>>> print(open('structure_23.cif').read())   # mmCIF, C-alpha atoms
data_run
#
loop_
_atom_site.label_atom_id
_atom_site.label_comp_id
_atom_site.auth_asym_id
_atom_site.auth_seq_id
_atom_site.Cartn_x
_atom_site.Cartn_y
_atom_site.Cartn_z
CA MET A 1 4.44 -54.97 -122.36
CA ALA A 2 5.18 -55.62 -126.00
CA ALA A 3 8.64 -57.05 -126.46
CA THR A 4 10.83 -54.80 -128.56
CA ASN A 5 13.72 -56.05 -130.58
CA ILE A 6 16.99 -55.10 -128.96
CA LEU A 7 19.57 -56.98 -130.91
CA LYS A 8 19.53 -58.69 -134.27
CA ILE A 9 22.51 -60.59 -135.56
CA ASP A 10 22.59 -61.53 -139.20
CA ASN A 11 24.93 -64.22 -140.52
CA LEU A 12 27.77 -63.09 -138.33
CA ALA A 13 31.04 -64.83 -139.12
CA PHE A 14 34.58 -64.45 -137.95
CA GLU A 15 37.62 -65.66 -139.79
CA ARG A 16 40.91 -66.53 -138.20
CA ASN A 17 43.87 -67.94 -140.13
CA ASP A 18 41.70 -68.32 -143.24
CA THR A 19 39.12 -70.54 -141.55
CA LEU A 20 35.86 -69.60 -139.94
CA LEU A 21 36.04 -69.79 -136.17
CA PHE A 22 32.38 -70.76 -135.79
CA GLU A 23 29.40 -71.42 -138.01
CA PRO A 24 27.75 -68.14 -139.08
CA VAL A 25 25.42 -66.92 -136.33
CA SER A 26 21.94 -65.47 -136.85
CA LEU A 27 19.90 -64.53 -133.82
CA GLN A 28 17.39 -62.12 -132.38
CA LEU A 29 17.10 -60.83 -128.86
CA ASN A 30 14.05 -59.00 -127.52
CA SER A 31 13.66 -56.98 -124.36
CA GLY A 32 13.14 -59.16 -121.32
CA GLU A 33 14.99 -62.05 -122.92
CA ALA A 34 18.18 -63.82 -121.99
CA LEU A 35 20.36 -65.70 -124.37
CA HIS A 36 22.68 -68.42 -123.12
CA ILE A 37 25.67 -68.93 -125.41
CA GLU A 38 27.02 -72.43 -125.14
CA GLY A 39 29.95 -74.06 -126.81
CA ALA A 40 32.97 -76.23 -126.13
CA ASN A 41 36.24 -74.68 -124.99
CA GLY A 42 37.74 -72.89 -127.96
CA ALA A 43 34.45 -72.70 -129.84
CA GLY A 44 34.80 -68.92 -129.98
CA LYS A 45 32.51 -67.71 -127.19
CA THR A 46 34.88 -65.02 -126.02
CA THR A 47 35.59 -63.93 -129.59
CA PHE A 48 31.85 -63.75 -130.17
CA PHE A 49 31.52 -61.37 -127.22
CA GLN A 50 34.44 -59.29 -128.46
CA ILE A 51 32.63 -58.85 -131.76
CA LEU A 52 29.41 -57.90 -129.99
CA ILE A 53 31.16 -55.20 -127.96
CA ASN A 54 32.84 -53.82 -131.07
CA LEU A 55 36.40 -54.70 -130.12
CA LEU A 56 36.72 -57.06 -133.08
CA GLU A 57 35.39 -56.53 -136.58
CA PRO A 58 33.30 -59.42 -137.89
CA SER A 59 34.53 -60.88 -141.18
CA ALA A 60 31.00 -61.00 -142.54
CA GLY A 61 27.44 -60.34 -141.40
CA SER A 62 25.93 -57.46 -139.50
CA ILE A 63 24.61 -56.46 -136.10
CA PHE A 64 21.51 -54.31 -135.59
CA PHE A 65 20.79 -52.57 -132.30
CA ARG A 66 17.16 -51.53 -131.86
CA GLY A 67 16.71 -51.88 -135.61
CA GLN A 68 19.62 -49.67 -136.60
CA THR A 69 22.86 -50.77 -138.15
CA PHE A 70 25.78 -50.64 -135.87
CA SER A 71 27.69 -47.82 -137.56
CA LYS A 72 24.66 -45.52 -137.24
CA CYS A 73 24.09 -45.98 -133.53
CA ARG A 74 27.58 -46.65 -132.22
CA TYR A 75 27.35 -44.01 -129.48
CA ASP A 76 23.90 -45.04 -128.27
CA TYR A 77 24.85 -48.68 -128.38
CA LEU A 78 28.08 -48.33 -126.44
CA SER A 79 26.42 -46.14 -123.82
CA ASP A 80 23.75 -48.75 -123.28
CA ILE A 81 25.76 -51.93 -122.83
CA LEU A 82 27.54 -53.51 -119.91
CA PHE A 83 30.26 -56.03 -120.52
CA ILE A 84 31.91 -58.17 -117.88
CA GLY A 85 34.49 -60.53 -119.29
CA HIS A 86 37.13 -62.92 -118.06
CA GLN A 87 39.46 -60.14 -117.08
CA SER A 88 37.56 -58.28 -114.46
CA GLY A 89 39.05 -54.81 -114.89
CA VAL A 90 39.55 -54.69 -111.12
CA LYS A 91 42.73 -52.89 -110.09
CA ALA A 92 44.61 -54.87 -107.45
CA THR A 93 45.99 -51.87 -105.58
CA LEU A 94 42.71 -49.98 -105.34
CA SER A 95 40.24 -50.78 -102.58
CA VAL A 96 36.99 -52.63 -103.20
CA GLU A 97 34.96 -49.45 -102.96
CA GLU A 98 37.32 -47.42 -105.17
CA ASN A 99 37.14 -50.10 -107.84
CA LEU A 100 33.38 -50.22 -107.80
CA ARG A 101 33.08 -46.45 -107.88
CA TRP A 102 35.45 -46.31 -110.84
CA MET A 103 33.50 -48.92 -112.77
CA SER A 104 30.06 -47.47 -112.05
CA PRO A 105 28.32 -44.61 -113.88
CA ASP A 106 29.36 -41.12 -112.75
CA ASN A 107 26.28 -40.12 -110.85
CA THR A 108 26.02 -43.31 -108.80
CA SER A 109 25.07 -42.35 -105.24
CA ALA A 110 27.03 -43.49 -102.22
CA GLU A 111 23.97 -45.45 -101.04
CA LYS A 112 23.88 -47.35 -104.32
CA ILE A 113 27.55 -48.26 -103.97
CA ALA A 114 26.97 -49.41 -100.39
CA LEU A 115 23.95 -51.43 -101.49
CA ALA A 116 25.95 -53.07 -104.28
CA LEU A 117 28.74 -54.01 -101.88
CA GLN A 118 26.22 -55.39 -99.45
CA SER A 119 24.49 -57.48 -102.07
CA VAL A 120 27.75 -59.15 -103.11
CA GLY A 121 28.64 -59.68 -99.45
CA LEU A 122 31.68 -57.40 -99.46
CA GLU A 123 30.38 -54.65 -97.18
CA HIS A 124 33.05 -55.40 -94.57
CA TYR A 125 35.81 -55.31 -97.16
CA ALA A 126 35.01 -51.90 -98.65
CA ASN A 127 38.36 -50.38 -97.74
CA MET A 128 40.49 -53.45 -98.33
CA PRO A 129 42.86 -53.39 -101.30
CA CYS A 130 41.78 -55.94 -103.89
CA TYR A 131 45.08 -57.85 -103.94
CA ARG A 132 44.14 -59.22 -100.52
CA LEU A 133 40.90 -60.75 -101.82
CA SER A 134 40.35 -64.32 -103.00
CA ALA A 135 39.62 -65.10 -106.66
CA GLY A 136 35.92 -65.42 -105.96
CA GLN A 137 35.79 -62.15 -104.03
CA HIS A 138 37.69 -60.46 -106.85
CA ARG A 139 35.00 -61.65 -109.20
CA ARG A 140 32.31 -60.35 -106.86
CA VAL A 141 33.83 -56.86 -107.01
CA ALA A 142 33.46 -56.85 -110.80
CA LEU A 143 29.96 -58.31 -110.62
CA ALA A 144 28.80 -55.68 -108.11
CA ARG A 145 28.53 -53.50 -111.21
CA LEU A 146 25.34 -55.36 -112.04
CA VAL A 147 23.69 -53.40 -109.23
CA THR A 148 25.03 -49.96 -110.14
CA THR A 149 24.77 -50.10 -113.93
CA THR A 150 22.10 -48.32 -115.94
CA ALA A 151 22.76 -50.24 -119.18
CA SER A 152 19.87 -52.13 -120.72
CA LEU A 153 21.88 -54.75 -122.59
CA TRP A 154 24.22 -56.96 -120.60
CA TYR A 155 27.01 -59.10 -121.96
CA LEU A 156 28.35 -61.48 -119.36
CA ASP A 157 31.15 -63.79 -120.40
CA GLU A 158 31.32 -66.65 -117.89
CA PRO A 159 29.87 -64.64 -114.98
CA PHE A 160 29.76 -67.68 -112.71
CA ALA A 161 33.42 -68.66 -112.94
CA ALA A 162 35.09 -68.88 -109.48
CA LEU A 163 31.85 -68.06 -107.63
CA ASP A 164 30.39 -70.09 -104.79
CA LYS A 165 26.72 -71.12 -104.56
CA GLN A 166 25.70 -67.92 -102.81
CA GLY A 167 27.49 -65.87 -105.45
CA VAL A 168 25.73 -67.72 -108.23
CA ALA A 169 22.38 -67.15 -106.53
CA PHE A 170 23.12 -63.43 -106.28
CA ILE A 171 24.00 -63.13 -109.95
CA GLU A 172 20.92 -65.07 -110.96
CA GLY A 173 18.85 -62.72 -108.81
CA CYS A 174 20.35 -59.67 -110.53
CA MET A 175 19.79 -61.19 -113.94
CA GLN A 176 16.16 -62.03 -113.17
CA GLN A 177 15.49 -58.52 -111.92
CA HIS A 178 17.08 -57.04 -115.02
CA LEU A 179 14.92 -59.20 -117.28
CA ASN A 180 11.77 -58.33 -115.33
CA SER A 181 12.46 -54.65 -115.81
CA GLY A 182 12.69 -55.07 -119.57
CA GLY A 183 16.43 -55.47 -119.99
CA ALA A 184 18.11 -58.04 -122.15
CA MET A 185 21.27 -60.05 -121.84
CA VAL A 186 23.63 -62.42 -123.55
CA PHE A 187 25.74 -64.62 -121.32
CA SER A 188 27.95 -67.64 -121.59
CA SER A 189 28.27 -70.33 -118.98
CA HIS A 190 29.13 -73.97 -118.66
CA GLN A 191 26.67 -74.37 -115.79
CA ASP A 192 23.00 -75.10 -116.13
CA LEU A 193 20.99 -72.29 -114.66
CA VAL A 194 18.14 -73.09 -112.39
CA LYS A 195 16.36 -69.82 -111.97
CA ILE A 196 16.76 -67.98 -115.23
CA GLU A 197 14.73 -68.83 -118.24
CA ALA A 198 17.03 -68.44 -121.18
CA ARG A 199 17.10 -69.54 -124.74
CA SER A 200 20.31 -71.29 -125.51
CA TYR A 201 22.38 -71.03 -128.61
CA ARG A 202 25.22 -73.38 -129.31
CA LEU A 203 28.23 -71.95 -131.09
CA GLN A 204 29.33 -74.67 -133.48
CA SER A 205 32.98 -74.86 -134.15
CA TYR A 206 33.37 -74.72 -137.94
CA ARG A 207 35.38 -77.93 -138.17
CA GLU A 208 32.79 -79.84 -136.18
CA VAL A 209 30.25 -79.12 -138.88
CA MET A 210 32.44 -80.09 -141.80
CA MET B 1 33.06 -42.26 -115.75
CA TYR B 2 32.50 -43.42 -119.29
CA ASN B 3 29.57 -41.37 -120.32
CA TYR B 4 30.76 -37.87 -120.91
CA LEU B 5 33.65 -36.33 -122.70
CA SER B 6 34.97 -33.80 -120.21
CA GLY B 7 35.12 -36.28 -117.34
CA GLY B 8 37.51 -38.66 -119.02
CA PHE B 9 40.59 -36.55 -118.48
CA SER B 10 40.36 -35.86 -114.77
CA ALA B 11 38.97 -39.30 -113.95
CA TYR B 12 41.89 -41.12 -115.56
CA LEU B 13 44.38 -38.60 -114.24
CA TYR B 14 43.10 -39.14 -110.71
CA ARG B 15 42.98 -42.91 -110.98
CA ASP B 16 46.49 -43.25 -112.40
CA LEU B 17 47.92 -40.93 -109.76
CA LEU B 18 46.21 -42.99 -107.09
CA LEU B 19 47.60 -46.21 -108.58
CA GLY B 20 51.05 -44.64 -108.75
CA ILE B 21 50.93 -43.58 -105.11
CA ARG B 22 49.87 -47.08 -104.04
CA ASN B 23 52.68 -48.66 -106.12
CA LYS B 24 55.49 -46.55 -104.76
CA THR B 25 58.34 -48.75 -105.96
CA ASP B 26 57.41 -48.28 -109.61
CA LEU B 27 57.24 -44.59 -109.02
CA VAL B 28 60.56 -44.22 -107.27
CA LYS B 29 62.63 -46.56 -109.47
CA PRO B 30 63.26 -44.15 -112.39
CA LEU B 31 64.08 -41.32 -109.97
CA ILE B 32 66.59 -43.43 -108.05
CA PHE B 33 68.09 -44.44 -111.39
CA PHE B 34 68.34 -40.78 -112.37
CA LEU B 35 70.03 -39.82 -109.10
CA LEU B 36 72.37 -42.84 -108.92
CA ILE B 37 73.78 -42.45 -112.41
CA SER B 38 74.31 -38.75 -111.95
CA ALA B 39 76.14 -39.49 -108.70
CA LEU B 40 78.37 -41.98 -110.54
CA VAL B 41 79.31 -39.72 -113.45
CA PRO B 42 81.57 -37.32 -111.48
CA LEU B 43 83.29 -40.34 -109.91
CA ALA B 44 83.86 -42.09 -113.23
CA ILE B 45 84.98 -39.00 -115.13
CA ALA B 46 87.28 -36.57 -113.35
CA PRO B 47 85.64 -34.53 -110.55
CA GLU B 48 86.86 -31.29 -112.08
CA ALA B 49 84.27 -28.57 -112.02
CA GLU B 50 85.10 -27.26 -115.46
CA ARG B 51 84.89 -30.58 -117.33
CA LEU B 52 81.72 -31.62 -115.52
CA ALA B 53 80.03 -28.33 -116.32
CA GLN B 54 80.77 -28.98 -119.99
CA LEU B 55 79.23 -32.45 -119.86
CA ALA B 56 76.29 -31.54 -117.65
CA PRO B 57 73.66 -30.47 -120.25
CA GLY B 58 74.15 -33.64 -122.28
CA ILE B 59 74.22 -36.02 -119.35
CA ILE B 60 71.17 -34.57 -117.62
CA TRP B 61 69.18 -34.91 -120.81
CA ILE B 62 70.37 -38.45 -121.59
CA LEU B 63 69.32 -39.48 -118.08
CA ALA B 64 65.92 -37.84 -118.48
CA VAL B 65 65.38 -39.76 -121.73
CA LEU B 66 66.40 -43.10 -120.19
CA ALA B 67 64.36 -42.60 -117.02
CA THR B 68 61.23 -41.84 -119.05
CA LEU B 69 61.85 -44.79 -121.33
CA LEU B 70 62.17 -47.12 -118.33
CA SER B 71 58.85 -46.05 -116.86
CA VAL B 72 56.70 -45.54 -119.92
CA GLU B 73 56.52 -49.17 -121.01
CA ARG B 74 54.05 -50.07 -118.27
CA LEU B 75 51.67 -47.27 -119.12
CA PHE B 76 49.15 -49.53 -120.88
CA SER B 77 50.35 -53.09 -120.28
CA ASP B 78 48.95 -53.27 -116.72
CA ASP B 79 45.58 -52.04 -117.97
CA LEU B 80 45.63 -54.63 -120.74
CA GLN B 81 46.37 -57.44 -118.32
CA ASP B 82 43.67 -56.70 -115.77
CA GLY B 83 40.99 -55.92 -118.36
CA SER B 84 40.57 -52.22 -117.62
CA LEU B 85 41.89 -51.36 -121.08
CA GLU B 86 39.03 -53.39 -122.54
CA GLN B 87 36.55 -51.35 -120.48
CA MET B 88 38.24 -48.13 -121.58
CA LEU B 89 37.89 -49.13 -125.24
CA LEU B 90 34.18 -49.77 -124.64
CA SER B 91 33.64 -46.10 -123.93
CA PRO B 92 31.37 -44.50 -126.54
CA ASN B 93 33.52 -41.37 -126.55
CA MET B 94 36.80 -40.72 -128.27
CA LEU B 95 39.64 -41.96 -126.13
CA ILE B 96 41.69 -38.78 -126.59
CA LEU B 97 40.93 -37.31 -123.17
CA PRO B 98 41.34 -40.50 -121.13
CA ILE B 99 44.65 -41.09 -122.92
CA LEU B 100 45.82 -37.54 -122.22
CA GLY B 101 44.76 -38.02 -118.60
CA LYS B 102 46.91 -41.12 -118.27
CA ILE B 103 49.88 -39.38 -119.88
CA ALA B 104 49.45 -36.32 -117.68
CA ALA B 105 49.54 -38.61 -114.65
CA HIS B 106 52.70 -40.23 -115.99
CA TRP B 107 54.34 -36.85 -116.46
CA LEU B 108 53.34 -35.70 -112.98
CA MET B 109 54.93 -38.82 -111.50
CA ILE B 110 58.09 -38.99 -113.64
CA GLY B 111 58.75 -35.82 -115.63
CA LEU B 112 57.86 -33.35 -112.91
CA PRO B 113 59.96 -34.99 -110.14
CA LEU B 114 62.90 -35.24 -112.58
CA THR B 115 62.50 -31.56 -113.36
CA LEU B 116 62.38 -30.65 -109.68
CA LEU B 117 65.41 -32.82 -108.88
CA SER B 118 67.47 -31.37 -111.71
CA PRO B 119 68.81 -28.31 -109.80
CA LEU B 120 70.38 -30.74 -107.33
CA ILE B 121 72.11 -32.54 -110.19
CA GLY B 122 73.09 -29.16 -111.63
CA ILE B 123 74.95 -28.49 -108.39
CA TRP B 124 76.72 -31.88 -108.53
CA PHE B 125 77.89 -31.06 -112.03
CA SER B 126 78.82 -27.48 -111.07
CA LEU B 127 76.46 -26.14 -113.66
CA PRO B 128 76.61 -22.31 -113.80
CA VAL B 129 73.70 -20.71 -111.93
CA VAL B 130 72.50 -18.87 -115.05
CA ALA B 131 71.71 -22.24 -116.65
CA VAL B 132 69.46 -23.53 -113.85
CA ILE B 133 66.23 -21.82 -114.93
CA PRO B 134 66.68 -22.81 -118.62
CA MET B 135 67.39 -26.37 -117.48
CA ILE B 136 64.20 -26.53 -115.41
CA LEU B 137 62.08 -25.09 -118.21
CA SER B 138 63.58 -27.33 -120.89
CA LEU B 139 63.07 -30.44 -118.74
CA ALA B 140 59.51 -29.50 -117.86
CA LEU B 141 58.53 -29.13 -121.53
CA GLY B 142 60.80 -31.86 -122.86
CA THR B 143 59.82 -34.65 -120.44
CA ALA B 144 56.17 -34.05 -121.34
CA VAL B 145 57.05 -34.63 -125.00
CA LEU B 146 59.00 -37.75 -123.99
CA SER B 147 55.97 -39.10 -122.09
CA LEU B 148 53.67 -38.50 -125.07
CA ILE B 149 55.99 -40.10 -127.63
CA GLY B 150 56.83 -42.94 -125.25
CA ALA B 151 53.12 -43.64 -124.81
CA VAL B 152 52.76 -44.09 -128.58
CA GLY B 153 55.54 -46.68 -128.45
CA ALA B 154 53.96 -48.37 -125.42
CA ALA B 155 50.61 -48.62 -127.21
CA LEU B 156 52.17 -49.96 -130.41
CA THR B 157 54.23 -52.65 -128.66
CA LEU B 158 51.22 -54.11 -126.80
CA PRO B 159 50.41 -56.83 -125.86
CA ARG B 160 54.06 -57.29 -125.00
CA GLN B 161 55.65 -55.02 -122.47
CA GLY B 162 57.82 -52.73 -124.60
CA GLY B 163 61.39 -53.64 -123.78
CA VAL B 164 63.96 -53.42 -126.55
CA LEU B 165 61.40 -53.00 -129.31
CA LEU B 166 59.96 -49.96 -127.54
CA ALA B 167 63.42 -48.44 -127.18
CA LEU B 168 64.18 -48.97 -130.87
CA LEU B 169 60.83 -47.54 -131.85
CA VAL B 170 60.89 -44.33 -129.82
CA MET B 171 64.61 -43.52 -129.71
CA PRO B 172 64.69 -41.89 -133.17
CA LEU B 173 61.75 -39.72 -132.14
CA TYR B 174 63.46 -38.80 -128.87
CA MET B 175 66.52 -37.46 -130.70
CA PRO B 176 65.15 -34.01 -131.62
CA VAL B 177 63.90 -33.51 -128.06
CA LEU B 178 67.31 -34.50 -126.72
CA ILE B 179 69.10 -32.16 -129.13
CA PHE B 180 66.99 -29.08 -128.45
CA GLY B 181 66.75 -29.87 -124.73
CA SER B 182 70.46 -29.98 -124.18
CA ALA B 183 70.92 -27.07 -126.60
CA THR B 184 68.72 -24.94 -124.33
CA ILE B 185 71.00 -25.58 -121.34
CA GLN B 186 74.18 -25.30 -123.41
CA SER B 187 73.14 -21.95 -124.88
CA ALA B 188 72.52 -20.63 -121.38
CA VAL B 189 75.93 -21.89 -120.22
CA ASP B 190 77.57 -20.19 -123.22
CA GLY B 191 75.69 -16.97 -122.56
CA LEU B 192 73.66 -17.21 -125.76
CA ASP B 193 69.94 -16.74 -126.27
CA TRP B 194 68.35 -19.92 -124.93
CA THR B 195 64.74 -19.07 -125.67
CA ALA B 196 64.98 -20.21 -129.31
CA PRO B 197 65.65 -23.93 -128.61
CA LEU B 198 63.15 -23.74 -125.75
CA ALA B 199 60.50 -22.40 -128.11
CA ILE B 200 61.18 -25.32 -130.45
CA LEU B 201 60.65 -27.72 -127.53
CA ALA B 202 57.35 -25.97 -126.80
CA ALA B 203 56.39 -26.41 -130.46
CA PHE B 204 57.22 -30.14 -130.21
CA LEU B 205 54.96 -30.34 -127.17
CA ALA B 206 52.08 -28.66 -128.99
CA ILE B 207 52.41 -31.04 -131.94
CA ALA B 208 52.75 -34.07 -129.67
CA ILE B 209 49.63 -33.18 -127.65
CA ALA B 210 47.66 -32.87 -130.87
CA LEU B 211 48.93 -35.97 -132.69
CA CYS B 212 50.11 -38.57 -130.17
CA PRO B 213 46.67 -39.36 -128.66
CA LEU B 214 45.38 -40.18 -132.14
CA ALA B 215 48.23 -42.62 -132.74
CA ILE B 216 47.79 -44.10 -129.25
CA ASN B 217 44.06 -44.55 -129.80
CA ALA B 218 44.74 -46.47 -133.00
CA GLY B 219 47.51 -48.49 -131.35
CA LEU B 220 45.32 -49.54 -128.42
CA ARG B 221 42.51 -50.68 -130.68
CA LEU B 222 45.00 -52.65 -132.77
CA ALA B 223 46.35 -54.32 -129.65
CA LYS B 224 42.90 -55.64 -128.75
CA ASN B 225 42.33 -56.76 -132.34
CA GLY B 226 45.52 -58.80 -132.48
#
>>> encode(input="structure_23.cif", output="structure tokens")
Amino acid sequence: MAATNILKIDNLAFERNDTLLFEPVSLQLNSGEALHIEGANGAGKTTFFQILINLLEPSAGSIFFRGQTFSKCRYDYLSDILFIGHQSGVKATLSVEENLRWMSPDNTSAEKIALALQSVGLEHYANMPCYRLSAGQHRRVALARLVTTTASLWYLDEPFAALDKQGVAFIEGCMQQHLNSGGAMVFSSHQDLVKIEARSYRLQSYREVM
Amino acid sequence: MYNYLSGGFSAYLYRDLLLGIRNKTDLVKPLIFFLLISALVPLAIAPEAERLAQLAPGIIWILAVLATLLSVERLFSDDLQDGSLEQMLLSPNMLILPILGKIAAHWLMIGLPLTLLSPLIGIWFSLPVVAVIPMILSLALGTAVLSLIGAVGAALTLPRQGGVLLALLVMPLYMPVLIFGSATIQSAVDGLDWTAPLAILAAFLAIAIALCPLAINAGLRLAKNG
């Protein structure tokens, strides 16, 4: 399968308080590829993700999705991405299953939901309200979306935070499967991954360079 | 839930109602406030039927404004904190329908119960029976306008949870609603035509439904940008 270009980032820069947050970023991401964003605390990893998902405007540079500029394909782009960030989007008073159903695409079948819950090891907690779960289980509810999503481009900001070894293995499994089926992803993590082959890119804090 | 336009409204309406039902204390607080204050008024002022009936239209409307203001500040701040606002902003569609869904849920949980409770308060204040129907209608329309305007304030004051700033911001916009709302009841008490002020309230509602979601959309995006 010929790799097609999914994402191209050209000299992307972000300015905060009159200084650049990180060195301008230029990268390419093809289908079937994973990109590991590294960087010290405060290097701007989360901000970088916020720019990628169109919540923040970059100060300079441009993003191309499948060869088109962002403004031309905004709808297609946003319908084809999955973002899981630090804040999970899980509602504490809803049950595990209600949360997952809410966060999954509309036509997700009940079997798919059950499968997703099973693969994150929460099948016995389906009807439990999320405020009773531990931090790691909370995280697993959000990450169960990896099973139900239909998006081809994944953005995962620190997906492994608060997870145990089993949880990490599950996420790595999902990521590998997604890559094998031609998807692409950008993720950040402070851990070294064993299973996934990923290019890494280090966000350089602007001051570090000067 | 994110991928088509028509689904946004009912999906968010359903979810917010469900959240409201699970968080009963938040739901009941403004109603208890509404009932308690209206129980105190006759005790604090003289319990004479005639004087109370004169004050009733004004007091009922002031309480409706305050009860809405108390509850509206959490409309978006919870979503911001747990990250679901971020996911909502990621939707490729316009946010108009999800926003209207959330506001409709807010009205169903605050404005509608207030409206339904108001005849009881009318009795406490010895409001003439002819004024009960106008009161219900004016509250039903007016509280919906209050929810919509309040939501604009709630979106603009993010990421903080409203508080005093929210009150200062929306109070001037609440004034016309308050004036025409109590005028509807007062006209009915005085035996005048009460449909005119009610029609103006309905016009406010039409304008608010059209314009407020646009302002809220902009406010929410600003909040994530800050």
>>> closest_atom_pairs(input="structure_23.cif", of="chain A", to="chain B", cutoff="6 Å", atoms="only C-alpha atoms", output="Markdown table")
| residue | atom | partner | partner_atom | distance |
| --- | --- | --- | --- | --- |
| A:Leu56 | CA | B:Asn225 | CA | 5.7 |
| A:Tyr75 | CA | B:Pro92 | CA | 5.0 |
| A:Leu78 | CA | B:Pro92 | CA | 5.1 |
| A:Ser79 | CA | B:Pro92 | CA | 5.9 |
| A:Gln87 | CA | B:Gly83 | CA | 4.7 |
| A:Ser88 | CA | B:Gly83 | CA | 5.7 |
| A:Gly89 | CA | B:Ser84 | CA | 4.1 |
| A:Pro105 | CA | B:Met1 | CA | 5.6 |
| A:Asp106 | CA | B:Met1 | CA | 4.9 |
>>> resolve_selection(input="structure_23.cif", expression="the PyMOL selection byres ((chain B and resi 101) around 10)", output="ChimeraX atom specification")
/B:7-17,95-100,102-107
>>> residues_around(input="structure_23.cif", residues="B:Ala53", least_positions_apart="4", cutoff="12 Å", atoms="all atoms listed in the file", output="PyMOL selection string")
chain B and resi 41-42+45-49+57-60+121-129+131-132+185-186+188-190
>>> residues_near_point(input="structure_23.cif", point="(51.3, -29.1, -123.6)", cutoff="12 Å", atoms="all atoms listed in the file", output="list in words")
Leu100, Ile103, Ala104, Trp107, Ala140, Leu141, Gly142, Thr143, Ala144, Val145, Leu146, Ser147, Leu148, Leu201, Ala202, Ala203, Phe204, Leu205, Ala206, Ile207, Ala208, Ile209, Ala210, Leu211 and Cys212 of chain B
>>> resolve_selection(input="structure_23.cif", expression="the PyMOL selection byres ((chain A and resi 116-120) around 10)", output="PyMOL selection string")
chain A and resi 96-97+100+110-115+121-126+137+139-148+166-167+170-171+174
>>> resolve_selection(input="structure_23.cif", expression="the PyMOL selection byres ((chain B and resi 134) around 9)", output="list in words")
Val130, Ala131, Val132, Ile133, Met135, Ile136, Leu137, Ser138, Leu139, Thr184, Ile185, Ala188, Trp194, Thr195 and Leu198 of chain B
>>> residues_around(input="structure_23.cif", residues="B:Pro159", least_positions_apart="2", cutoff="7 Å", atoms="all atoms listed in the file", output="PDB file with C-alpha atoms, keeping the file's coordinate frame")
ATOM      1  CA  SER B  77      50.350 -53.090-120.280  1.00  0.00           C
ATOM      2  CA  THR B 157      54.230 -52.650-128.660  1.00  0.00           C
ATOM      3  CA  GLN B 161      55.650 -55.020-122.470  1.00  0.00           C
ATOM      4  CA  ALA B 223      46.350 -54.320-129.650  1.00  0.00           C
TER       5      ALA B 223
END
>>> atom_distance(input="structure_23.cif", atom1="atom CA of A:Phe48", atom2="atom CA of B:Leu158")
21.9 Å
>>> closest_atom_pairs(input="structure_23.cif", of="stretch 88-190 of chain A", to="stretch 15-39 of chain A", cutoff="12 Å", atoms="only C-alpha atoms", output="JSON lines")
{"residue": "A:Ser152", "atom": "CA", "partner": "A:Ser31", "partner_atom": "CA", "distance": 8.7}
{"residue": "A:Leu153", "atom": "CA", "partner": "A:Ser31", "partner_atom": "CA", "distance": 8.7}
{"residue": "A:Trp154", "atom": "CA", "partner": "A:Ala34", "partner_atom": "CA", "distance": 9.2}
{"residue": "A:Tyr155", "atom": "CA", "partner": "A:Leu35", "partner_atom": "CA", "distance": 9.7}
{"residue": "A:Leu156", "atom": "CA", "partner": "A:His36", "partner_atom": "CA", "distance": 9.7}
{"residue": "A:Asp157", "atom": "CA", "partner": "A:Ile37", "partner_atom": "CA", "distance": 9.0}
{"residue": "A:Glu158", "atom": "CA", "partner": "A:Ile37", "partner_atom": "CA", "distance": 9.7}
{"residue": "A:Pro159", "atom": "CA", "partner": "A:His36", "partner_atom": "CA", "distance": 11.5}
{"residue": "A:Glu172", "atom": "CA", "partner": "A:Ala34", "partner_atom": "CA", "distance": 11.4}
{"residue": "A:Met175", "atom": "CA", "partner": "A:Ala34", "partner_atom": "CA", "distance": 8.6}
{"residue": "A:Gln176", "atom": "CA", "partner": "A:Gly32", "partner_atom": "CA", "distance": 9.2}
{"residue": "A:Gln177", "atom": "CA", "partner": "A:Gly32", "partner_atom": "CA", "distance": 9.7}
{"residue": "A:His178", "atom": "CA", "partner": "A:Gly32", "partner_atom": "CA", "distance": 7.7}
{"residue": "A:Leu179", "atom": "CA", "partner": "A:Gly32", "partner_atom": "CA", "distance": 4.4}
{"residue": "A:Asn180", "atom": "CA", "partner": "A:Gly32", "partner_atom": "CA", "distance": 6.2}
{"residue": "A:Ser181", "atom": "CA", "partner": "A:Gly32", "partner_atom": "CA", "distance": 7.2}
{"residue": "A:Gly182", "atom": "CA", "partner": "A:Gly32", "partner_atom": "CA", "distance": 4.5}
{"residue": "A:Gly183", "atom": "CA", "partner": "A:Gly32", "partner_atom": "CA", "distance": 5.1}
{"residue": "A:Ala184", "atom": "CA", "partner": "A:Ser31", "partner_atom": "CA", "distance": 5.1}
{"residue": "A:Met185", "atom": "CA", "partner": "A:Ala34", "partner_atom": "CA", "distance": 4.9}
{"residue": "A:Val186", "atom": "CA", "partner": "A:Leu35", "partner_atom": "CA", "distance": 4.7}
{"residue": "A:Phe187", "atom": "CA", "partner": "A:His36", "partner_atom": "CA", "distance": 5.2}
{"residue": "A:Ser188", "atom": "CA", "partner": "A:Ile37", "partner_atom": "CA", "distance": 4.6}
{"residue": "A:Ser189", "atom": "CA", "partner": "A:Glu38", "partner_atom": "CA", "distance": 6.6}
{"residue": "A:His190", "atom": "CA", "partner": "A:Glu38", "partner_atom": "CA", "distance": 7.0}
>>> residues_around(input="structure_23.cif", residues="B:Leu63", least_positions_apart="3", cutoff="10 Å", atoms="only C-alpha atoms", output="ChimeraX atom specification")
/B:30-31,33-35,37-38,58-60,66-69,114
